[in-house]
Amino acid sequence: MHEATLAENILNIALDAAEQNHAAKVFKVGLTLGEMAGVEVEALTLAFDVLKKNTPAEDAELVIKRVPICAACNKCGKVFTLERYNFFCPECDGVLILRSGRELLVDFIDCE
Ligand SMILES: [Zn+2]
């Protein structure tokens, strides 16, 4: 399962950061997640909650910031925010170039 692997990676990043900062506890893990990253937030949170047990990140909360799908037309230059990614400009049929929406980043780790 994709989300479980992802949750494990995020947890490892958080635990590494805690270790480097000699922190006993991780409070929050900030995540930037594009709408097009293909991640189920609910599944990710669930997996994270299971994996964090008995680690310094036991009480850590995932703070997820969603990034909308944003694309620009290569013909008319218009920028669109899309519900789901589509490849052609609704106005002129030019090709849309993705600007954002695929992000998958750990933003910050808040630890003791
Ligand atoms: Zn266009």
# chains A, B, ... in the order shown; residues from 1 in each chain; ligands from 1
>>> select_by_dssp(residues="chain A", states="helix (DSSP H, G or I)", output="short mmCIF file (atom, residue, chain, number, x, y, z; two decimals) with N, CA and C atoms, in the first residue's frame")
data_model
loop_
_atom_site.label_atom_id
_atom_site.label_comp_id
_atom_site.auth_asym_id
_atom_site.auth_seq_id
_atom_site.Cartn_x
_atom_site.Cartn_y
_atom_site.Cartn_z
N HIS A 2 0.60 2.10 -0.93
CA HIS A 2 1.36 3.33 -1.15
C HIS A 2 1.40 4.22 0.10
N GLU A 3 0.25 4.44 0.71
CA GLU A 3 0.16 5.35 1.85
C GLU A 3 0.96 4.85 3.05
N ALA A 4 1.00 3.53 3.25
CA ALA A 4 1.73 2.95 4.37
C ALA A 4 3.23 3.20 4.21
N THR A 5 3.72 3.02 2.99
CA THR A 5 5.13 3.25 2.69
C THR A 5 5.47 4.72 2.91
N LEU A 6 4.56 5.56 2.45
CA LEU A 6 4.74 7.00 2.59
C LEU A 6 4.76 7.40 4.07
N ALA A 7 3.82 6.85 4.83
CA ALA A 7 3.74 7.16 6.26
C ALA A 7 5.03 6.73 6.96
N GLU A 8 5.57 5.60 6.55
CA GLU A 8 6.80 5.10 7.13
C GLU A 8 7.96 6.05 6.83
N ASN A 9 8.03 6.51 5.59
CA ASN A 9 9.07 7.46 5.20
C ASN A 9 8.97 8.75 6.00
N ILE A 10 7.75 9.26 6.13
CA ILE A 10 7.54 10.50 6.87
C ILE A 10 7.95 10.33 8.33
N LEU A 11 7.55 9.19 8.89
CA LEU A 11 7.89 8.90 10.29
C LEU A 11 9.41 8.84 10.46
N ASN A 12 10.09 8.18 9.51
CA ASN A 12 11.54 8.08 9.60
C ASN A 12 12.21 9.44 9.52
N ILE A 13 11.70 10.30 8.67
CA ILE A 13 12.25 11.65 8.55
C ILE A 13 12.08 12.40 9.89
N ALA A 14 10.88 12.25 10.47
CA ALA A 14 10.59 12.92 11.75
C ALA A 14 11.48 12.38 12.86
N LEU A 15 11.67 11.08 12.89
CA LEU A 15 12.49 10.47 13.94
C LEU A 15 13.95 10.84 13.79
N ASP A 16 14.42 10.91 12.55
CA ASP A 16 15.80 11.35 12.29
C ASP A 16 16.00 12.77 12.78
N ALA A 17 15.03 13.63 12.47
CA ALA A 17 15.12 15.03 12.88
C ALA A 17 15.13 15.14 14.40
N ALA A 18 14.31 14.36 15.05
CA ALA A 18 14.25 14.38 16.51
C ALA A 18 15.60 13.95 17.08
N GLU A 19 16.19 12.91 16.49
CA GLU A 19 17.47 12.41 16.96
C GLU A 19 18.57 13.46 16.79
N GLN A 20 18.58 14.09 15.60
CA GLN A 20 19.59 15.11 15.34
C GLN A 20 19.49 16.30 16.28
N VAL A 41 -5.40 11.19 1.98
CA VAL A 41 -5.02 11.77 3.27
C VAL A 41 -5.47 10.89 4.44
N GLU A 42 -6.68 10.36 4.34
CA GLU A 42 -7.22 9.55 5.42
C GLU A 42 -6.39 8.29 5.63
N ALA A 43 -6.05 7.64 4.54
CA ALA A 43 -5.25 6.41 4.62
C ALA A 43 -3.86 6.72 5.16
N LEU A 44 -3.32 7.86 4.74
CA LEU A 44 -1.99 8.27 5.19
C LEU A 44 -1.99 8.53 6.69
N THR A 45 -2.99 9.27 7.17
CA THR A 45 -3.09 9.59 8.59
C THR A 45 -3.26 8.32 9.42
N LEU A 46 -4.12 7.43 8.93
CA LEU A 46 -4.34 6.16 9.62
C LEU A 46 -3.06 5.36 9.75
N ALA A 47 -2.34 5.23 8.64
CA ALA A 47 -1.10 4.47 8.63
C ALA A 47 -0.07 5.10 9.56
N PHE A 48 -0.01 6.43 9.53
CA PHE A 48 0.93 7.16 10.38
C PHE A 48 0.62 6.92 11.85
N ASP A 49 -0.67 6.95 12.18
CA ASP A 49 -1.10 6.75 13.57
C ASP A 49 -0.75 5.36 14.09
N VAL A 50 -0.78 4.38 13.20
CA VAL A 50 -0.43 3.02 13.60
C VAL A 50 1.08 2.90 13.80
N LEU A 51 1.83 3.45 12.83
CA LEU A 51 3.29 3.30 12.84
C LEU A 51 3.98 4.08 13.95
#
>>> residues_near_ligand(ligand="ligand 1", cutoff="10 Å", atoms="only C-alpha atoms and all ligand atoms", output="PDB file with C-alpha atoms, in the first residue's frame")
ATOM      1  CA  ALA A  72      -0.897  27.207 -17.447  1.00  0.00           C
ATOM      2  CA  CYS A  73      -1.858  27.074 -21.115  1.00  0.00           C
ATOM      3  CA  ASN A  74       1.080  27.027 -23.526  1.00  0.00           C
ATOM      4  CA  LYS A  75      -0.965  28.861 -26.169  1.00  0.00           C
ATOM      5  CA  CYS A  76      -2.979  31.639 -24.499  1.00  0.00           C
ATOM      6  CA  GLY A  77      -0.982  31.731 -21.275  1.00  0.00           C
ATOM      7  CA  LYS A  78      -4.021  31.550 -19.006  1.00  0.00           C
ATOM      8  CA  VAL A  79      -3.529  29.924 -15.643  1.00  0.00           C
ATOM      9  CA  PHE A  80      -6.167  27.564 -14.327  1.00  0.00           C
ATOM     10  CA  PHE A  88      -6.129  20.807 -22.711  1.00  0.00           C
ATOM     11  CA  CYS A  89      -7.039  24.443 -22.173  1.00  0.00           C
ATOM     12  CA  PRO A  90     -10.808  24.877 -21.746  1.00  0.00           C
ATOM     13  CA  GLU A  91     -10.614  28.179 -23.655  1.00  0.00           C
ATOM     14  CA  CYS A  92      -8.382  27.566 -26.656  1.00  0.00           C
ATOM     15  CA  ASP A  93      -7.493  23.854 -26.655  1.00  0.00           C
ATOM     16  CA  GLY A  94      -3.825  24.656 -26.066  1.00  0.00           C
ATOM     17  CA  VAL A  95      -1.812  22.212 -23.998  1.00  0.00           C
ATOM     18  CA  LEU A  96      -1.821  22.767 -20.237  1.00  0.00           C
TER      19      LEU A  96
END
>>> select_by_dssp(residues="chain A", states="strand (DSSP E or B)", output="MDAnalysis selection string")
chainID A and resid 26:34 61:67 69:73 79:82 88 95:100 104:111
>>> write_last_selection(atoms="N, CA and C atoms", output="CSV table (one decimal), in the first residue's frame")
chain,number,residue,atom,x,y,z
A,26,VAL,N,8.4,14.2,19.3
A,26,VAL,CA,7.9,14.9,18.1
A,26,VAL,C,6.5,15.3,18.3
A,27,PHE,N,6.2,16.6,18.1
A,27,PHE,CA,4.8,17.1,18.3
A,27,PHE,C,4.0,17.2,17.1
A,28,LYS,N,4.7,17.7,16.0
A,28,LYS,CA,3.9,17.9,14.8
A,28,LYS,C,4.8,17.7,13.6
A,29,VAL,N,4.2,17.1,12.5
A,29,VAL,CA,4.9,17.0,11.3
A,29,VAL,C,4.1,17.6,10.2
A,30,GLY,N,4.7,18.7,9.6
A,30,GLY,CA,4.0,19.4,8.6
A,30,GLY,C,4.3,18.8,7.2
A,31,LEU,N,3.3,18.7,6.4
A,31,LEU,CA,3.4,18.1,5.1
A,31,LEU,C,2.7,18.9,4.1
A,32,THR,N,3.3,19.1,2.9
A,32,THR,CA,2.7,19.7,1.8
A,32,THR,C,2.4,18.7,0.8
A,33,LEU,N,1.1,18.6,0.4
A,33,LEU,CA,0.6,17.6,-0.4
A,33,LEU,C,-0.2,18.1,-1.6
A,34,GLY,N,0.2,17.9,-2.8
A,34,GLY,CA,-0.5,18.3,-4.0
A,34,GLY,C,-1.7,17.5,-4.2
A,61,GLU,N,1.3,14.9,15.5
A,61,GLU,CA,0.1,15.1,14.7
A,61,GLU,C,0.6,15.4,13.3
A,62,LEU,N,0.0,14.9,12.3
A,62,LEU,CA,0.3,15.3,10.9
A,62,LEU,C,-0.5,16.5,10.5
A,63,VAL,N,0.2,17.6,10.1
A,63,VAL,CA,-0.5,18.8,9.7
A,63,VAL,C,-0.3,18.9,8.2
A,64,ILE,N,-1.4,18.7,7.5
A,64,ILE,CA,-1.3,18.5,6.0
A,64,ILE,C,-1.8,19.8,5.3
A,65,LYS,N,-1.0,20.3,4.4
A,65,LYS,CA,-1.4,21.5,3.6
A,65,LYS,C,-1.6,21.0,2.2
A,66,ARG,N,-2.8,21.2,1.7
A,66,ARG,CA,-3.1,20.7,0.3
A,66,ARG,C,-2.7,21.8,-0.7
A,67,VAL,N,-2.1,21.4,-1.8
A,67,VAL,CA,-1.8,22.4,-2.8
A,67,VAL,C,-2.7,22.0,-4.0
A,69,ILE,N,-4.3,21.8,-7.9
A,69,ILE,CA,-3.7,21.6,-9.2
A,69,ILE,C,-3.8,22.9,-10.0
A,70,CYS,N,-2.6,23.4,-10.4
A,70,CYS,CA,-2.6,24.7,-11.1
A,70,CYS,C,-1.8,24.4,-12.4
A,71,ALA,N,-2.4,24.9,-13.5
A,71,ALA,CA,-1.7,24.6,-14.8
A,71,ALA,C,-1.9,25.9,-15.7
A,72,ALA,N,-0.9,26.1,-16.5
A,72,ALA,CA,-0.9,27.2,-17.4
A,72,ALA,C,-1.0,26.7,-18.9
A,73,CYS,N,-1.7,27.4,-19.7
A,73,CYS,CA,-1.9,27.1,-21.1
A,73,CYS,C,-0.6,27.5,-21.9
A,79,VAL,N,-3.8,30.9,-16.7
A,79,VAL,CA,-3.5,29.9,-15.6
A,79,VAL,C,-4.8,29.4,-15.0
A,80,PHE,N,-4.9,28.2,-14.9
A,80,PHE,CA,-6.2,27.6,-14.3
A,80,PHE,C,-5.9,26.8,-13.1
A,81,THR,N,-6.9,26.8,-12.2
A,81,THR,CA,-6.8,25.9,-11.0
A,81,THR,C,-7.9,24.8,-11.4
A,82,LEU,N,-7.4,23.6,-11.3
A,82,LEU,CA,-8.3,22.5,-11.8
A,82,LEU,C,-8.7,21.6,-10.7
A,88,PHE,N,-5.9,19.8,-21.7
A,88,PHE,CA,-6.1,20.8,-22.7
A,88,PHE,C,-6.8,22.0,-22.1
A,95,VAL,N,-2.2,23.2,-25.0
A,95,VAL,CA,-1.8,22.2,-24.0
A,95,VAL,C,-1.5,22.9,-22.6
A,96,LEU,N,-2.0,22.2,-21.6
A,96,LEU,CA,-1.8,22.8,-20.2
A,96,LEU,C,-0.5,22.2,-19.6
A,97,ILE,N,0.3,23.1,-19.1
A,97,ILE,CA,1.5,22.7,-18.4
A,97,ILE,C,1.3,22.8,-16.9
A,98,LEU,N,1.5,21.7,-16.2
A,98,LEU,CA,1.3,21.7,-14.8
A,98,LEU,C,2.3,22.6,-14.1
A,99,ARG,N,1.7,23.4,-13.2
A,99,ARG,CA,2.6,24.3,-12.4
A,99,ARG,C,2.7,23.8,-11.0
A,100,SER,N,1.6,23.3,-10.4
A,100,SER,CA,1.7,22.8,-9.1
A,100,SER,C,0.6,21.8,-8.9
A,104,LEU,N,4.9,16.7,-2.8
A,104,LEU,CA,4.9,15.8,-1.7
A,104,LEU,C,6.1,16.0,-0.8
A,105,LEU,N,6.0,16.9,0.2
A,105,LEU,CA,7.1,17.4,0.9
A,105,LEU,C,6.9,17.4,2.4
A,106,VAL,N,7.9,17.1,3.2
A,106,VAL,CA,7.9,17.3,4.6
A,106,VAL,C,8.3,18.8,4.8
A,107,ASP,N,7.4,19.6,5.3
A,107,ASP,CA,7.7,21.0,5.5
A,107,ASP,C,8.5,21.3,6.8
A,108,PHE,N,7.9,20.8,7.9
A,108,PHE,CA,8.6,21.1,9.1
A,108,PHE,C,8.4,20.0,10.1
A,109,ILE,N,9.2,19.9,11.1
A,109,ILE,CA,9.1,18.9,12.1
A,109,ILE,C,9.2,19.6,13.4
A,110,ASP,N,8.2,19.6,14.2
A,110,ASP,CA,8.1,20.3,15.5
A,110,ASP,C,8.4,19.3,16.6
A,111,CYS,N,9.6,19.5,17.2
A,111,CYS,CA,10.0,18.5,18.3
A,111,CYS,C,10.5,19.2,19.5
>>> atom_distance(atom1="CA of Lys53 in chain A", atom2="CA of Glu40 in chain A")
20.7 Å
>>> atom_distance(atom1="CA of Ala37 in chain A", atom2="CA of Glu83 in chain A")
13.1 Å
>>> decode(residues="range 49-78 of chain A", atoms="N, CA and C atoms", output="mmCIF file, in the first residue's frame")
data_model
loop_
_atom_site.group_PDB
_atom_site.id
_atom_site.type_symbol
_atom_site.label_atom_id
_atom_site.label_comp_id
_atom_site.auth_asym_id
_atom_site.auth_seq_id
_atom_site.Cartn_x
_atom_site.Cartn_y
_atom_site.Cartn_z
ATOM 1 N N ASP A 49 -0.673 6.948 12.183
ATOM 2 C CA ASP A 49 -1.100 6.754 13.572
ATOM 3 C C ASP A 49 -0.754 5.359 14.092
ATOM 4 N N VAL A 50 -0.779 4.383 13.197
ATOM 5 C CA VAL A 50 -0.427 3.018 13.602
ATOM 6 C C VAL A 50 1.085 2.905 13.798
ATOM 7 N N LEU A 51 1.831 3.452 12.833
ATOM 8 C CA LEU A 51 3.287 3.298 12.835
ATOM 9 C C LEU A 51 3.981 4.080 13.954
ATOM 10 N N LYS A 52 3.388 5.194 14.356
ATOM 11 C CA LYS A 52 4.069 6.072 15.319
ATOM 12 C C LYS A 52 4.047 5.534 16.751
ATOM 13 N N LYS A 53 3.205 4.527 16.995
ATOM 14 C CA LYS A 53 3.094 3.975 18.351
ATOM 15 C C LYS A 53 4.442 3.479 18.847
ATOM 16 N N ASN A 54 4.722 3.745 20.113
ATOM 17 C CA ASN A 54 5.974 3.332 20.755
ATOM 18 C C ASN A 54 7.224 3.920 20.111
ATOM 19 N N THR A 55 7.081 5.089 19.524
ATOM 20 C CA THR A 55 8.245 5.822 19.026
ATOM 21 C C THR A 55 8.178 7.213 19.658
ATOM 22 N N PRO A 56 9.267 7.990 19.549
ATOM 23 C CA PRO A 56 9.218 9.366 20.085
ATOM 24 C C PRO A 56 8.169 10.233 19.383
ATOM 25 N N ALA A 57 7.644 9.730 18.290
ATOM 26 C CA ALA A 57 6.629 10.494 17.553
ATOM 27 C C ALA A 57 5.217 10.023 17.892
ATOM 28 N N GLU A 58 5.114 9.312 19.005
ATOM 29 C CA GLU A 58 3.831 8.722 19.416
ATOM 30 C C GLU A 58 2.670 9.716 19.438
ATOM 31 N N ASP A 59 2.963 10.934 19.925
ATOM 32 C CA ASP A 59 1.896 11.943 20.028
ATOM 33 C C ASP A 59 1.904 12.930 18.866
ATOM 34 N N ALA A 60 2.714 12.631 17.871
ATOM 35 C CA ALA A 60 2.848 13.579 16.762
ATOM 36 C C ALA A 60 1.589 13.642 15.909
ATOM 37 N N GLU A 61 1.301 14.857 15.486
ATOM 38 C CA GLU A 61 0.125 15.084 14.665
ATOM 39 C C GLU A 61 0.599 15.446 13.266
ATOM 40 N N LEU A 62 -0.049 14.896 12.265
ATOM 41 C CA LEU A 62 0.269 15.250 10.879
ATOM 42 C C LEU A 62 -0.508 16.508 10.514
ATOM 43 N N VAL A 63 0.209 17.551 10.118
ATOM 44 C CA VAL A 63 -0.460 18.779 9.680
ATOM 45 C C VAL A 63 -0.284 18.860 8.175
ATOM 46 N N ILE A 64 -1.370 18.663 7.462
ATOM 47 C CA ILE A 64 -1.271 18.543 6.008
ATOM 48 C C ILE A 64 -1.805 19.780 5.298
ATOM 49 N N LYS A 65 -0.954 20.329 4.448
ATOM 50 C CA LYS A 65 -1.363 21.474 3.642
ATOM 51 C C LYS A 65 -1.562 20.996 2.208
ATOM 52 N N ARG A 66 -2.783 21.159 1.695
ATOM 53 C CA ARG A 66 -3.056 20.706 0.340
ATOM 54 C C ARG A 66 -2.707 21.804 -0.667
ATOM 55 N N VAL A 67 -2.131 21.405 -1.777
ATOM 56 C CA VAL A 67 -1.819 22.354 -2.842
ATOM 57 C C VAL A 67 -2.707 22.033 -4.036
ATOM 58 N N PRO A 68 -3.486 23.022 -4.508
ATOM 59 C CA PRO A 68 -4.380 22.745 -5.635
ATOM 60 C C PRO A 68 -3.608 22.489 -6.923
ATOM 61 N N ILE A 69 -4.283 21.845 -7.857
ATOM 62 C CA ILE A 69 -3.681 21.616 -9.164
ATOM 63 C C ILE A 69 -3.778 22.913 -9.960
ATOM 64 N N CYS A 70 -2.640 23.412 -10.380
ATOM 65 C CA CYS A 70 -2.585 24.659 -11.098
ATOM 66 C C CYS A 70 -1.811 24.414 -12.393
ATOM 67 N N ALA A 71 -2.386 24.866 -13.500
ATOM 68 C CA ALA A 71 -1.742 24.639 -14.790
ATOM 69 C C ALA A 71 -1.861 25.880 -15.668
ATOM 70 N N ALA A 72 -0.883 26.072 -16.533
ATOM 71 C CA ALA A 72 -0.897 27.207 -17.447
ATOM 72 C C ALA A 72 -0.977 26.707 -18.888
ATOM 73 N N CYS A 73 -1.713 27.445 -19.710
ATOM 74 C CA CYS A 73 -1.858 27.074 -21.115
ATOM 75 C C CYS A 73 -0.624 27.526 -21.900
ATOM 76 N N ASN A 74 -0.121 26.671 -22.764
ATOM 77 C CA ASN A 74 1.080 27.027 -23.526
ATOM 78 C C ASN A 74 0.750 27.881 -24.751
ATOM 79 N N LYS A 75 -0.552 28.103 -25.004
ATOM 80 C CA LYS A 75 -0.965 28.861 -26.169
ATOM 81 C C LYS A 75 -1.425 30.270 -25.762
ATOM 82 N N CYS A 76 -2.442 30.330 -24.875
ATOM 83 C CA CYS A 76 -2.979 31.639 -24.499
ATOM 84 C C CYS A 76 -2.406 32.143 -23.177
ATOM 85 N N GLY A 77 -1.663 31.294 -22.485
ATOM 86 C CA GLY A 77 -0.982 31.731 -21.275
ATOM 87 C C GLY A 77 -1.855 31.814 -20.036
ATOM 88 N N LYS A 78 -3.131 31.499 -20.160
ATOM 89 C CA LYS A 78 -4.021 31.550 -19.006
ATOM 90 C C LYS A 78 -3.635 30.488 -17.979
#
